[in-house]
Amino acid sequence: MKFVTAILAALWMASPAFAEEYEKGPNGGLMLDVAGIDAELLTSGNTVTINVFEAFKAKPVSTKGYAAAVLIVSGADREPLTLTPSGENKLQGEAKKPVPSGATITLTIKTAEGKSGQVKFKK
């Protein structure tokens with residue numbers, strides 16, 4: 001019985017009603033709430049950029065003291081990538097190959113205050 005209950009709970013949580021809803025970020029990227037901040041994903045060629053803003057505001061947040069990484073998945077290709085602070089409110093990294101359209105990018109982030117979280121973007 002516990003097994004059936006667990007499966008039903010998993011199916012219920014996977015329903016489209018619980019899918020992440022993207023906001024459009026100030027720079028035109030996909031934006032999601034994570035770890036008490038808004039994270040905006042931008043990609044250009046091999047570059048992955050996460051812009052960090054206050055939750056529910058377009059006010060930039062300093063990324064000093066942040067730690068972040070992404071996992072880029074496209075078909076059978078998987079590439080982990082460490083992001084480092086860059087500029088006022090950016091975390092950036094360079095992938096080995098250009099980030100393809102349709103890739104899933106999973107962000108794992110830890111703020112300077114110690115809050116952490118994970119979100120998935122579908123490019």
# chains A, B, ... in the order shown; residues from 1 in each chain; ligands from 1

call {"tool": "select_by_dssp", "arguments": {"residues": "segment 5-121 of chain A", "states": "alpha helix (DSSP H)", "output": "list in words"}}
result
Thr5, Ala6, Ile7, Leu8, Ala9, Ala10, Leu11, Trp12 and Met13 of chain A

call {"tool": "select_by_dssp", "arguments": {"residues": "chain A", "states": "strand (DSSP E)", "output": "MDAnalysis selection string"}}
result
chainID A and resid 23:24 30:34 37:44 47:54 67:74 77:86 90:94 104:110 116:122

call {"tool": "closest_atom_pairs", "arguments": {"of": "segment 80-120 of chain A", "to": "segment 52-72 of chain A", "cutoff": "6 Å", "atoms": "only C-alpha atoms", "output": "Markdown table"}}
result
| residue | atom | partner | partner_atom | distance |
| --- | --- | --- | --- | --- |
| A:Pro80 | CA | A:Leu71 | CA | 4.4 |
| A:Leu81 | CA | A:Val70 | CA | 5.3 |
| A:Thr82 | CA | A:Ala69 | CA | 4.3 |
| A:Leu83 | CA | A:Ala69 | CA | 5.2 |
| A:Pro85 | CA | A:Thr63 | CA | 5.7 |
| A:Glu88 | CA | A:Ser62 | CA | 5.5 |
| A:Asn89 | CA | A:Ser62 | CA | 4.7 |
| A:Thr104 | CA | A:Ile72 | CA | 5.9 |
| A:Ile105 | CA | A:Ile72 | CA | 4.7 |
| A:Thr106 | CA | A:Leu71 | CA | 5.1 |
| A:Leu107 | CA | A:Val70 | CA | 4.5 |
| A:Thr108 | CA | A:Ala69 | CA | 5.4 |
| A:Ile109 | CA | A:Ala68 | CA | 4.3 |
| A:Lys110 | CA | A:Ala67 | CA | 5.2 |
| A:Thr111 | CA | A:Tyr66 | CA | 4.7 |
| A:Ala112 | CA | A:Gly65 | CA | 4.6 |

call {"tool": "closest_residue", "arguments": {"among": "A:Ala35, A:Val48, A:Val119, A:Leu42", "to": "Glu94 of chain A", "atoms": "only C-alpha atoms"}}
result
A:Val48

call {"tool": "residues_around", "arguments": {"residues": "Ser44 of chain A", "least_positions_apart": "5", "cutoff": "10 Å", "atoms": "only C-alpha atoms", "output": "PyMOL selection string"}}
result
chain A and resi 49+94+98-100

call {"tool": "closest_residue", "arguments": {"among": "A:Ser101, A:Asn51, A:Ser116, A:Asn27", "to": "Thr84 of chain A", "atoms": "only C-alpha atoms"}}
result
A:Asn51
